[in-house]
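**Student:** Sharing a structure, written as structure tokens. Questions coming.
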Amino acid sequence: MENLSDAIIFNLSGLNETRSQKYVFFTFTFLFYLFIIFLNLTLIATVLLEKSLHEPMYIFICNLSVNTLYGTAGFYPKLLADFLSDTHVISYTGCLIQAFVIYSSVLCEFSNLTVMAYDRYVAICKPLEYHSIINTVTARNIVLILWILTFCETVIPILLTLRLSLCGSRIDRLYCDNWSIVKLSCVDTTLNNIYGYIVVIVHIIQAFFIVYSYIEIIRECLKSSEGRSKFLQTCLPHLITLINFTITTLFDVMYARYGSRNTSQTLRNIMAVEFLVIPPALNPLVYGLNLKQIRRRFLRLCNSEQKS
């Protein structure tokens with residue numbers, strides 16, 4: 001087949017069934033994207049402006065929202081443009097950039113949730129040692145290291161994909177992802193597959209670490225009513241976020257690897273974008289409504305703005 005690795009465009013076929021109602025989809029998606037931006041910017045501003053929230057847990061929560069804005073910026077603007085266009089195409093370079101942004105955001109979020117699990121484990125199981133193990137400076141350094149490692153982890157599969165010769169230009173999704181590009185390859189993709197398995201193993205280890213942390217947290221919290229109250233106030237929001245993110249990401253992974261073209265396009269689209277729809281909106285709501293410290297500081301900031 002003809003080598004198309006230097007082709008100018010990929011065709012994204014995920015929106016083929018929406019053309020008759022594209023303005024309706026555009027309006028709802030645009031409003032939802034604004035809603036996501038508003039929620040996450042509000043949470044970020046509340047943490048940054050309130051000095052009493054400059055604690056490790058809130059720094060990690062703030063980073064979660066920063067990462068959400070970064071990841072959704074790689075998806076929603078392109079999707080909105082496609083809704084208004086009769087041709088849904090993207091350049092080879094643009095496709096790789098979109099794949100990099102979306103999946104670096106996913107990996108960053110999972111790593112951030114792992115760090116948050118460890119933070120809660122130390123706070124509840126080793127409270128006397130908490131500030132010697134995790135303080136504000138340590139939390140900021142962890143966030144910086146987390147972003148550096150995430151970018152390195154995401155750059156490698158992109159570089160492995162760049163070496164491939166492609167024999168196709170159709171991507172059966174709403175957005176570009178690395179695996180969809182790899183599937184278009186005319187040559188051997190063993191290295192890509194091996195690296196993919198390494199990444200999966202690393203994050204399975206992270207998942208076991210999170211499970212272990214919460215087993216220890218629950219054991220500690222069951223010892224007293226005060227512990228149970230602390231678990232509900234600070235750990236439950238994180239647990240909800242973690243379960244939500246894991247399920248929605250799992251849907252995307254299963255769809256990307258094992259999805260059938262016989263499945264309806266609508267169902268395939270839902271499975272592919274759940275992790276870009278549910279967590280970005282739910283996370284700031286979960287933390288904003290359940291953590292009374294954030295809720296109180298936000299209301300206080302609003303009141304001070306009204307008085308001024």
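Chain identifiers are assigned as A, B, and so on, following the order in which chains appear in the structure tokens; residues are numbered from 1 within each chain, and ligands are numbered from 1 in order of appearance.
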I want to know what sits within 8 Å of Thr249 of chain A, based on only C-alpha atoms, with residues of the same chain fewer than 3 positions away left out; could you give that as a ChimeraX atom specification?
**Tutor:** /A:245-246,252-253,274-275
**Student:** Give me a file of those residues, with all heavy atoms, as a PDB file, in the first residue's frame.
**Tutor:**
ATOM      1  N   PHE A 245     -12.740   8.311  37.833  1.00  0.00           N
ATOM      2  CA  PHE A 245     -11.684   8.400  36.824  1.00  0.00           C
ATOM      3  C   PHE A 245     -11.294   7.019  36.304  1.00  0.00           C
ATOM      4  O   PHE A 245     -11.110   6.828  35.094  1.00  0.00           O
ATOM      5  CB  PHE A 245     -10.454   9.102  37.423  1.00  0.00           C
ATOM      6  CG  PHE A 245      -9.274   9.131  36.510  1.00  0.00           C
ATOM      7  CD1 PHE A 245      -9.231   9.988  35.418  1.00  0.00           C
ATOM      8  CD2 PHE A 245      -8.195   8.282  36.724  1.00  0.00           C
ATOM      9  CE1 PHE A 245      -8.138  10.016  34.572  1.00  0.00           C
ATOM     10  CE2 PHE A 245      -7.099   8.295  35.886  1.00  0.00           C
ATOM     11  CZ  PHE A 245      -7.072   9.169  34.808  1.00  0.00           C
ATOM     12  N   THR A 246     -11.171   6.055  37.203  1.00  0.00           N
ATOM     13  CA  THR A 246     -10.757   4.704  36.807  1.00  0.00           C
ATOM     14  C   THR A 246     -11.772   4.070  35.864  1.00  0.00           C
ATOM     15  O   THR A 246     -11.409   3.486  34.831  1.00  0.00           O
ATOM     16  CB  THR A 246     -10.586   3.808  38.051  1.00  0.00           C
ATOM     17  OG1 THR A 246      -9.608   4.400  38.924  1.00  0.00           O
ATOM     18  CG2 THR A 246     -10.114   2.418  37.653  1.00  0.00           C
ATOM     19  N   ASP A 252     -12.476   3.947  27.963  1.00  0.00           N
ATOM     20  CA  ASP A 252     -11.723   4.419  26.800  1.00  0.00           C
ATOM     21  C   ASP A 252     -10.686   3.403  26.355  1.00  0.00           C
ATOM     22  O   ASP A 252     -10.537   3.135  25.161  1.00  0.00           O
ATOM     23  CB  ASP A 252     -11.047   5.752  27.132  1.00  0.00           C
ATOM     24  CG  ASP A 252     -10.179   6.239  25.987  1.00  0.00           C
ATOM     25  OD1 ASP A 252     -10.735   6.539  24.910  1.00  0.00           O
ATOM     26  OD2 ASP A 252      -8.949   6.288  26.149  1.00  0.00           O
ATOM     27  N   VAL A 253      -9.956   2.817  27.320  1.00  0.00           N
ATOM     28  CA  VAL A 253      -8.922   1.831  26.989  1.00  0.00           C
ATOM     29  C   VAL A 253      -9.546   0.605  26.321  1.00  0.00           C
ATOM     30  O   VAL A 253      -9.045   0.106  25.298  1.00  0.00           O
ATOM     31  CB  VAL A 253      -8.153   1.414  28.257  1.00  0.00           C
ATOM     32  CG1 VAL A 253      -7.219   0.246  27.956  1.00  0.00           C
ATOM     33  CG2 VAL A 253      -7.364   2.600  28.799  1.00  0.00           C
ATOM     34  N   GLU A 274     -15.949   9.579  27.776  1.00  0.00           N
ATOM     35  CA  GLU A 274     -16.430   9.669  29.163  1.00  0.00           C
ATOM     36  C   GLU A 274     -15.393  10.290  30.092  1.00  0.00           C
ATOM     37  O   GLU A 274     -15.725  11.104  30.951  1.00  0.00           O
ATOM     38  CB  GLU A 274     -16.823   8.283  29.675  1.00  0.00           C
ATOM     39  CG  GLU A 274     -18.223   7.856  29.285  1.00  0.00           C
ATOM     40  CD  GLU A 274     -18.623   6.556  29.967  1.00  0.00           C
ATOM     41  OE1 GLU A 274     -17.916   5.555  29.770  1.00  0.00           O
ATOM     42  OE2 GLU A 274     -19.617   6.559  30.692  1.00  0.00           O
ATOM     43  N   PHE A 275     -14.111   9.928  29.924  1.00  0.00           N
ATOM     44  CA  PHE A 275     -13.083  10.449  30.815  1.00  0.00           C
ATOM     45  C   PHE A 275     -12.784  11.924  30.558  1.00  0.00           C
ATOM     46  O   PHE A 275     -12.134  12.592  31.370  1.00  0.00           O
ATOM     47  CB  PHE A 275     -11.797   9.615  30.694  1.00  0.00           C
ATOM     48  CG  PHE A 275     -10.999   9.856  29.445  1.00  0.00           C
ATOM     49  CD1 PHE A 275      -9.895  10.687  29.463  1.00  0.00           C
ATOM     50  CD2 PHE A 275     -11.353   9.251  28.246  1.00  0.00           C
ATOM     51  CE1 PHE A 275      -9.146  10.905  28.316  1.00  0.00           C
ATOM     52  CE2 PHE A 275     -10.617   9.462  27.097  1.00  0.00           C
ATOM     53  CZ  PHE A 275      -9.508  10.293  27.126  1.00  0.00           C
TER      54      PHE A 275
END
**Student:** Could you pull out the alpha helix (DSSP H) residues of segment 153-270 of chain A from DSSP and send them as an MDAnalysis selection string?
**Tutor:** chainID A and resid 153:162 178:182 190:221 225:230 236:258 265:270
**Student:** For segment 81-158 of chain A versus segment 177-182 of chain A, which residues have an atom no more than 9 Å away, and what is each residue's nearest atom pair and distance in Å rounded to one decimal, using only C-alpha atoms, chain-then-number order, as a Markdown table?
**Tutor:**
| residue | atom | partner | partner_atom | distance |
| --- | --- | --- | --- | --- |
| A:Cys95 | CA | A:Asp177 | CA | 7.6 |
| A:Leu96 | CA | A:Asn178 | CA | 7.2 |
| A:Gln98 | CA | A:Asp177 | CA | 7.4 |
| A:Ala99 | CA | A:Asp177 | CA | 4.5 |
| A:Phe100 | CA | A:Asn178 | CA | 7.8 |
| A:Ile102 | CA | A:Asp177 | CA | 7.9 |
| A:Tyr103 | CA | A:Asp177 | CA | 7.8 |
| A:Pro157 | CA | A:Asn178 | CA | 7.5 |
| A:Ile158 | CA | A:Asn178 | CA | 7.1 |
**Student:** Restricted to N, CA, C and O atoms, what would the selected residues look like written as an mmCIF file, in the first residue's frame?
**Tutor:**
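Produced file part01.cif, reproduced below:
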data_model
loop_
_atom_site.group_PDB
_atom_site.id
_atom_site.type_symbol
_atom_site.label_atom_id
_atom_site.label_comp_id
_atom_site.auth_asym_id
_atom_site.auth_seq_id
_atom_site.Cartn_x
_atom_site.Cartn_y
_atom_site.Cartn_z
ATOM 1 N N CYS A 95 -2.476 15.966 15.040
ATOM 2 C CA CYS A 95 -2.969 14.712 15.599
ATOM 3 C C CYS A 95 -2.046 14.222 16.712
ATOM 4 O O CYS A 95 -2.511 13.805 17.786
ATOM 5 N N LEU A 96 -0.737 14.277 16.476
ATOM 6 C CA LEU A 96 0.223 13.846 17.497
ATOM 7 C C LEU A 96 0.178 14.759 18.720
ATOM 8 O O LEU A 96 0.275 14.290 19.865
ATOM 9 N N GLN A 98 -2.441 16.511 19.763
ATOM 10 C CA GLN A 98 -3.676 16.233 20.495
ATOM 11 C C GLN A 98 -3.555 14.944 21.301
ATOM 12 O O GLN A 98 -3.965 14.880 22.467
ATOM 13 N N ALA A 99 -2.987 13.914 20.693
ATOM 14 C CA ALA A 99 -2.787 12.646 21.406
ATOM 15 C C ALA A 99 -1.879 12.852 22.615
ATOM 16 O O ALA A 99 -2.138 12.308 23.699
ATOM 17 N N PHE A 100 -0.833 13.645 22.439
ATOM 18 C CA PHE A 100 0.095 13.912 23.543
ATOM 19 C C PHE A 100 -0.606 14.631 24.690
ATOM 20 O O PHE A 100 -0.479 14.232 25.858
ATOM 21 N N ILE A 102 -3.898 14.946 25.462
ATOM 22 C CA ILE A 102 -4.968 14.194 26.123
ATOM 23 C C ILE A 102 -4.409 13.090 27.011
ATOM 24 O O ILE A 102 -4.814 12.944 28.173
ATOM 25 N N TYR A 103 -3.444 12.339 26.504
ATOM 26 C CA TYR A 103 -2.971 11.203 27.283
ATOM 27 C C TYR A 103 -1.937 11.576 28.338
ATOM 28 O O TYR A 103 -1.821 10.885 29.357
ATOM 29 N N PRO A 157 6.078 7.203 23.656
ATOM 30 C CA PRO A 157 5.234 6.565 22.631
ATOM 31 C C PRO A 157 5.021 7.433 21.395
ATOM 32 O O PRO A 157 4.866 6.907 20.293
ATOM 33 N N ILE A 158 5.039 8.765 21.578
ATOM 34 C CA ILE A 158 4.913 9.655 20.420
ATOM 35 C C ILE A 158 6.132 9.508 19.508
ATOM 36 O O ILE A 158 6.012 9.435 18.273
#
**Student:** Find the residues around Ile9 of chain A up to 12 Å (only C-alpha atoms counted), leave out those fewer than 6 positions away in its own chain, and share them as a PyMOL selection string.
**Tutor:** chain A and resi 87-96+168-171+176
**Student:** Counting only C-alpha atoms, figure out which residue out of A:Val200, A:Met57, A:Leu184, A:Ala272 gets nearest to His131 of chain A.
**Tutor:** A:Met57
**Student:** If you count only C-alpha atoms, which residues fall within 9 Å of segment 69-85 of chain A, apart from same-chain ones fewer than 3 positions away, as a short mmCIF file (atom, residue, chain, number, x, y, z; two decimals) with all heavy atoms, in the first residue's frame?
**Tutor:**
data_model
loop_
_atom_site.label_atom_id
_atom_site.label_comp_id
_atom_site.auth_asym_id
_atom_site.auth_seq_id
_atom_site.Cartn_x
_atom_site.Cartn_y
_atom_site.Cartn_z
N LEU A 15 -17.80 12.02 14.04
CA LEU A 15 -18.92 12.96 14.03
C LEU A 15 -19.81 12.80 12.80
O LEU A 15 -20.67 13.66 12.54
CB LEU A 15 -18.40 14.41 14.08
CG LEU A 15 -17.79 14.86 15.40
CD1 LEU A 15 -17.29 16.28 15.27
CD2 LEU A 15 -18.80 14.77 16.53
N THR A 18 -23.61 13.29 13.27
CA THR A 18 -24.11 14.48 13.96
C THR A 18 -24.35 15.67 13.02
O THR A 18 -24.76 16.73 13.48
CB THR A 18 -23.09 14.93 15.03
OG1 THR A 18 -21.88 15.36 14.38
CG2 THR A 18 -22.80 13.80 16.01
N ARG A 19 -24.11 15.48 11.73
CA ARG A 19 -24.16 16.62 10.81
C ARG A 19 -25.53 17.28 10.74
O ARG A 19 -25.64 18.50 10.60
CB ARG A 19 -23.72 16.17 9.42
CG ARG A 19 -22.23 15.84 9.36
CD ARG A 19 -21.79 15.34 8.01
NE ARG A 19 -20.37 15.03 8.00
CZ ARG A 19 -19.73 14.50 6.98
NH1 ARG A 19 -20.39 14.21 5.86
NH2 ARG A 19 -18.43 14.26 7.04
N LYS A 22 -25.79 19.56 14.00
CA LYS A 22 -24.46 20.00 14.45
C LYS A 22 -24.53 21.26 15.32
O LYS A 22 -23.73 21.40 16.26
CB LYS A 22 -23.53 20.21 13.27
CG LYS A 22 -23.96 21.27 12.28
CD LYS A 22 -22.97 21.33 11.13
CE LYS A 22 -23.34 22.41 10.11
NZ LYS A 22 -22.36 22.46 9.00
N TYR A 23 -25.48 22.16 15.05
CA TYR A 23 -25.57 23.38 15.85
C TYR A 23 -26.08 23.10 17.26
O TYR A 23 -25.68 23.77 18.21
CB TYR A 23 -26.45 24.40 15.14
CG TYR A 23 -25.87 24.88 13.83
CD1 TYR A 23 -26.45 24.53 12.61
CD2 TYR A 23 -24.70 25.65 13.81
CE1 TYR A 23 -25.89 24.93 11.41
CE2 TYR A 23 -24.15 26.08 12.61
CZ TYR A 23 -24.74 25.70 11.42
OH TYR A 23 -24.19 26.11 10.23
N PHE A 25 -25.54 20.22 18.91
CA PHE A 25 -24.40 19.60 19.59
C PHE A 25 -23.35 20.65 19.93
O PHE A 25 -22.75 20.60 21.02
CB PHE A 25 -23.78 18.51 18.72
CG PHE A 25 -24.56 17.23 18.70
CD1 PHE A 25 -25.32 16.87 17.58
CD2 PHE A 25 -24.55 16.37 19.79
CE1 PHE A 25 -26.04 15.69 17.56
CE2 PHE A 25 -25.27 15.19 19.78
CZ PHE A 25 -26.02 14.85 18.67
N PHE A 26 -23.12 21.59 19.01
CA PHE A 26 -22.14 22.64 19.26
C PHE A 26 -22.54 23.48 20.47
O PHE A 26 -21.70 23.75 21.35
CB PHE A 26 -22.01 23.56 18.03
CG PHE A 26 -21.14 24.77 18.29
CD1 PHE A 26 -19.77 24.69 18.14
CD2 PHE A 26 -21.70 25.98 18.68
CE1 PHE A 26 -18.95 25.80 18.38
CE2 PHE A 26 -20.91 27.08 18.92
CZ PHE A 26 -19.53 26.99 18.77
N THR A 27 -23.79 23.87 20.54
CA THR A 27 -24.27 24.73 21.64
C THR A 27 -24.12 24.05 22.99
O THR A 27 -23.58 24.63 23.94
CB THR A 27 -25.74 25.12 21.41
OG1 THR A 27 -25.86 25.80 20.15
CG2 THR A 27 -26.23 26.03 22.53
N THR A 29 -22.22 21.46 23.79
CA THR A 29 -20.81 21.19 24.08
C THR A 29 -20.09 22.46 24.51
O THR A 29 -19.29 22.45 25.46
CB THR A 29 -20.11 20.58 22.86
OG1 THR A 29 -20.80 19.40 22.45
CG2 THR A 29 -18.66 20.22 23.18
N PHE A 30 -20.38 23.56 23.84
CA PHE A 30 -19.75 24.84 24.18
C PHE A 30 -20.12 25.28 25.59
O PHE A 30 -19.25 25.68 26.38
CB PHE A 30 -20.18 25.91 23.17
CG PHE A 30 -19.60 27.27 23.43
CD1 PHE A 30 -18.24 27.50 23.30
CD2 PHE A 30 -20.42 28.32 23.81
CE1 PHE A 30 -17.70 28.75 23.55
CE2 PHE A 30 -19.90 29.57 24.07
CZ PHE A 30 -18.53 29.79 23.93
N TYR A 33 -18.39 23.03 28.11
CA TYR A 33 -16.96 23.35 28.21
C TYR A 33 -16.75 24.61 29.06
O TYR A 33 -15.85 24.66 29.90
CB TYR A 33 -16.37 23.54 26.81
CG TYR A 33 -14.87 23.78 26.80
CD1 TYR A 33 -14.02 23.09 27.65
CD2 TYR A 33 -14.32 24.72 25.92
CE1 TYR A 33 -12.65 23.31 27.63
CE2 TYR A 33 -12.95 24.95 25.90
CZ TYR A 33 -12.12 24.24 26.75
OH TYR A 33 -10.76 24.46 26.73
N ILE A 36 -17.12 23.60 32.64
CA ILE A 36 -15.90 22.94 33.14
C ILE A 36 -14.84 23.99 33.47
O ILE A 36 -14.21 23.93 34.54
CB ILE A 36 -15.35 21.95 32.09
CG1 ILE A 36 -16.25 20.73 31.98
CG2 ILE A 36 -13.92 21.52 32.43
CD1 ILE A 36 -15.88 19.78 30.85
N ILE A 37 -14.65 24.95 32.58
CA ILE A 37 -13.64 26.00 32.81
C ILE A 37 -13.99 26.80 34.07
O ILE A 37 -13.13 27.06 34.91
CB ILE A 37 -13.55 26.93 31.58
CG1 ILE A 37 -12.97 26.17 30.38
CG2 ILE A 37 -12.69 28.15 31.90
CD1 ILE A 37 -12.98 26.97 29.10
N ASN A 40 -13.44 24.68 37.41
CA ASN A 40 -12.05 24.43 37.74
C ASN A 40 -11.27 25.71 38.03
O ASN A 40 -10.42 25.73 38.93
CB ASN A 40 -11.38 23.62 36.63
CG ASN A 40 -11.81 22.17 36.62
OD1 ASN A 40 -11.32 21.36 37.39
ND2 ASN A 40 -12.77 21.83 35.76
N LEU A 41 -11.56 26.79 37.30
CA LEU A 41 -10.91 28.07 37.60
C LEU A 41 -11.34 28.59 38.96
O LEU A 41 -10.52 29.18 39.69
CB LEU A 41 -11.25 29.10 36.52
CG LEU A 41 -10.49 29.00 35.19
CD1 LEU A 41 -10.94 30.09 34.24
CD2 LEU A 41 -8.98 29.08 35.42
N LEU A 64 -4.96 19.05 40.27
CA LEU A 64 -5.96 18.23 39.58
C LEU A 64 -6.79 19.10 38.63
O LEU A 64 -7.06 18.71 37.48
CB LEU A 64 -6.85 17.54 40.60
CG LEU A 64 -7.54 16.23 40.21
CD1 LEU A 64 -6.52 15.16 39.86
CD2 LEU A 64 -8.45 15.76 41.34
N SER A 65 -7.18 20.28 39.10
CA SER A 65 -7.96 21.19 38.26
C SER A 65 -7.13 21.81 37.15
O SER A 65 -7.61 22.00 36.03
CB SER A 65 -8.59 22.29 39.13
OG SER A 65 -9.68 21.80 39.86
N VAL A 66 -5.87 22.13 37.45
CA VAL A 66 -4.97 22.65 36.40
C VAL A 66 -4.82 21.62 35.29
O VAL A 66 -4.89 21.94 34.09
CB VAL A 66 -3.59 23.00 37.00
CG1 VAL A 66 -2.58 23.31 35.89
CG2 VAL A 66 -3.70 24.18 37.95
N HIS A 88 -14.16 16.76 8.83
CA HIS A 88 -13.53 16.59 10.15
C HIS A 88 -12.14 16.02 9.95
O HIS A 88 -11.95 14.80 9.90
CB HIS A 88 -14.40 15.66 11.01
CG HIS A 88 -15.84 16.07 11.03
ND1 HIS A 88 -16.87 15.18 10.91
CD2 HIS A 88 -16.41 17.29 11.13
CE1 HIS A 88 -18.03 15.82 10.95
NE2 HIS A 88 -17.76 17.11 11.08
N VAL A 89 -11.18 16.94 9.82
CA VAL A 89 -9.82 16.53 9.51
C VAL A 89 -8.85 17.17 10.49
O VAL A 89 -9.17 18.16 11.15
CB VAL A 89 -9.43 16.91 8.06
CG1 VAL A 89 -10.31 16.17 7.06
CG2 VAL A 89 -9.54 18.43 7.86
N ILE A 90 -7.64 16.59 10.55
CA ILE A 90 -6.59 17.13 11.41
C ILE A 90 -5.24 16.76 10.78
O ILE A 90 -5.09 15.68 10.20
CB ILE A 90 -6.71 16.58 12.84
CG1 ILE A 90 -5.73 17.28 13.79
CG2 ILE A 90 -6.52 15.06 12.89
CD1 ILE A 90 -5.97 16.97 15.27
N ILE A 97 0.02 16.06 18.48
CA ILE A 97 -0.06 17.01 19.60
C ILE A 97 -1.31 16.74 20.44
O ILE A 97 -1.25 16.72 21.68
CB ILE A 97 -0.05 18.47 19.09
CG1 ILE A 97 1.31 18.82 18.50
CG2 ILE A 97 -0.41 19.44 20.22
CD1 ILE A 97 1.36 20.17 17.83
N GLN A 98 -2.44 16.51 19.76
CA GLN A 98 -3.68 16.23 20.50
C GLN A 98 -3.56 14.94 21.30
O GLN A 98 -3.97 14.88 22.47
CB GLN A 98 -4.86 16.13 19.54
CG GLN A 98 -6.19 15.99 20.28
CD GLN A 98 -7.38 15.95 19.35
OE1 GLN A 98 -7.42 15.17 18.40
NE2 GLN A 98 -8.37 16.80 19.62
N ALA A 99 -2.99 13.91 20.69
CA ALA A 99 -2.79 12.65 21.41
C ALA A 99 -1.88 12.85 22.61
O ALA A 99 -2.14 12.31 23.70
CB ALA A 99 -2.19 11.60 20.46
N PHE A 100 -0.83 13.65 22.44
CA PHE A 100 0.09 13.91 23.54
C PHE A 100 -0.61 14.63 24.69
O PHE A 100 -0.48 14.23 25.86
CB PHE A 100 1.27 14.75 23.05
CG PHE A 100 2.21 15.18 24.14
CD1 PHE A 100 3.24 14.34 24.53
CD2 PHE A 100 2.06 16.40 24.77
CE1 PHE A 100 4.11 14.72 25.55
CE2 PHE A 100 2.91 16.78 25.80
CZ PHE A 100 3.94 15.95 26.18
N VAL A 101 -1.36 15.69 24.37
CA VAL A 101 -2.01 16.49 25.42
C VAL A 101 -3.04 15.66 26.19
O VAL A 101 -3.05 15.64 27.43
CB VAL A 101 -2.69 17.73 24.80
CG1 VAL A 101 -3.57 18.44 25.83
CG2 VAL A 101 -1.64 18.70 24.27
N ILE A 102 -3.90 14.95 25.46
CA ILE A 102 -4.97 14.19 26.12
C ILE A 102 -4.41 13.09 27.01
O ILE A 102 -4.81 12.94 28.17
CB ILE A 102 -5.94 13.62 25.08
CG1 ILE A 102 -6.74 14.76 24.43
CG2 ILE A 102 -6.90 12.61 25.72
CD1 ILE A 102 -7.66 14.32 23.31
N TYR A 103 -3.44 12.34 26.50
CA TYR A 103 -2.97 11.20 27.28
C TYR A 103 -1.94 11.58 28.34
O TYR A 103 -1.82 10.88 29.36
CB TYR A 103 -2.50 10.08 26.36
CG TYR A 103 -3.71 9.36 25.83
CD1 TYR A 103 -4.20 9.63 24.56
CD2 TYR A 103 -4.40 8.47 26.63
CE1 TYR A 103 -5.35 9.01 24.10
CE2 TYR A 103 -5.55 7.85 26.18
CZ TYR A 103 -6.02 8.12 24.91
OH TYR A 103 -7.17 7.52 24.46
N SER A 104 -1.21 12.67 28.14
CA SER A 104 -0.36 13.15 29.24
C SER A 104 -1.25 13.64 30.38
O SER A 104 -0.92 13.48 31.56
CB SER A 104 0.57 14.27 28.76
OG SER A 104 -0.16 15.38 28.26
N SER A 105 -2.39 14.22 30.04
CA SER A 105 -3.36 14.65 31.06
C SER A 105 -3.91 13.46 31.84
O SER A 105 -4.03 13.50 33.06
CB SER A 105 -4.51 15.42 30.40
OG SER A 105 -5.53 15.71 31.33
N VAL A 106 -4.22 12.37 31.13
CA VAL A 106 -4.73 11.16 31.79
C VAL A 106 -3.69 10.58 32.74
O VAL A 106 -4.00 10.26 33.90
CB VAL A 106 -5.13 10.11 30.73
CG1 VAL A 106 -5.45 8.77 31.40
CG2 VAL A 106 -6.34 10.58 29.94
N LEU A 174 -13.51 10.57 17.75
CA LEU A 174 -13.76 12.02 17.77
C LEU A 174 -12.47 12.81 17.87
O LEU A 174 -12.44 14.00 17.58
CB LEU A 174 -14.64 12.38 18.99
CG LEU A 174 -16.08 11.86 18.99
CD1 LEU A 174 -16.72 12.11 20.35
CD2 LEU A 174 -16.88 12.52 17.90
N TYR A 175 -11.42 12.16 18.30
CA TYR A 175 -10.14 12.82 18.51
C TYR A 175 -9.00 11.85 18.20
O TYR A 175 -9.22 10.65 18.02
CB TYR A 175 -10.01 13.32 19.96
CG TYR A 175 -10.12 12.22 20.98
CD1 TYR A 175 -9.00 11.52 21.42
CD2 TYR A 175 -11.36 11.85 21.50
CE1 TYR A 175 -9.10 10.49 22.34
CE2 TYR A 175 -11.47 10.83 22.44
CZ TYR A 175 -10.35 10.16 22.85
OH TYR A 175 -10.44 9.14 23.77
N LEU A 276 -13.27 12.46 29.42
CA LEU A 276 -13.11 13.88 29.11
C LEU A 276 -14.36 14.68 29.42
O LEU A 276 -14.38 15.90 29.23
CB LEU A 276 -12.75 14.04 27.63
CG LEU A 276 -11.35 13.57 27.22
CD1 LEU A 276 -11.28 13.39 25.71
CD2 LEU A 276 -10.29 14.53 27.71
N VAL A 277 -15.40 14.00 29.89
CA VAL A 277 -16.68 14.66 30.17
C VAL A 277 -17.01 14.60 31.67
O VAL A 277 -17.27 15.64 32.29
CB VAL A 277 -17.82 14.01 29.36
CG1 VAL A 277 -19.17 14.59 29.78
CG2 VAL A 277 -17.59 14.21 27.86
N PRO A 280 -13.85 15.92 34.50
CA PRO A 280 -13.58 17.36 34.52
C PRO A 280 -14.67 18.19 35.20
O PRO A 280 -14.38 19.22 35.81
CB PRO A 280 -13.49 17.72 33.02
CG PRO A 280 -13.04 16.46 32.37
CD PRO A 280 -13.74 15.38 33.13
#
**Student:** Between A:Leu166, A:Ile133, A:Leu282, A:Ala45, which residue has the minimum interatomic distance to Asp188 of chain A, considering only C-alpha atoms?
**Tutor:**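 Ranked by minimum distance to Asp188 of chain A, first place goes to A:Leu166.
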**Student:** Give me the residues of segment 123-200 of chain A that have any atom at most 12 Å from an atom of segment 215-227 of chain A; for each, the nearest atom pair and the distance in Å, rounded to one decimal. Use only C-alpha atoms, sort by chain and number, and format it as a tab-separated table.
**Tutor:**
residue	atom	partner	partner_atom	distance
A:Ala123	CA	A:Ile217	CA	9.3
A:Ile124	CA	A:Ile217	CA	6.5
A:Cys125	CA	A:Glu220	CA	6.3
A:Lys126	CA	A:Glu220	CA	9.9
A:Pro127	CA	A:Glu220	CA	11.2
**Student:** Extract the full set of strand (DSSP E) residues from segment 29-270 of chain A according to DSSP on the backbone, and format it as a PyMOL selection string.
**Tutor:** chain A and resi 89-91+170-171
**Student:** Put those residues in a file: C-alpha atoms, as a compact mmCIF listing (two decimals), in the first residue's frame.
**Tutor:**
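Written output follows (selection.txt):
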# COMPACT_ATOMS: atom_id res chain seq x y z
CA VAL A 89 -9.82 16.53 9.51
CA ILE A 90 -6.59 17.13 11.41
CA SER A 91 -2.96 17.40 10.32
CA ARG A 170 -8.94 7.28 8.72
CA ILE A 171 -9.28 7.51 12.51
**Student:** Record the distance separating atom CA of Leu107 of chain A and atom CA of Glu129 of chain A, expressed in Å with one decimal.
**Tutor:**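 Straight-line distance from atom CA of Leu107 of chain A to atom CA of Glu129 of chain A works out to 29.0 Å.
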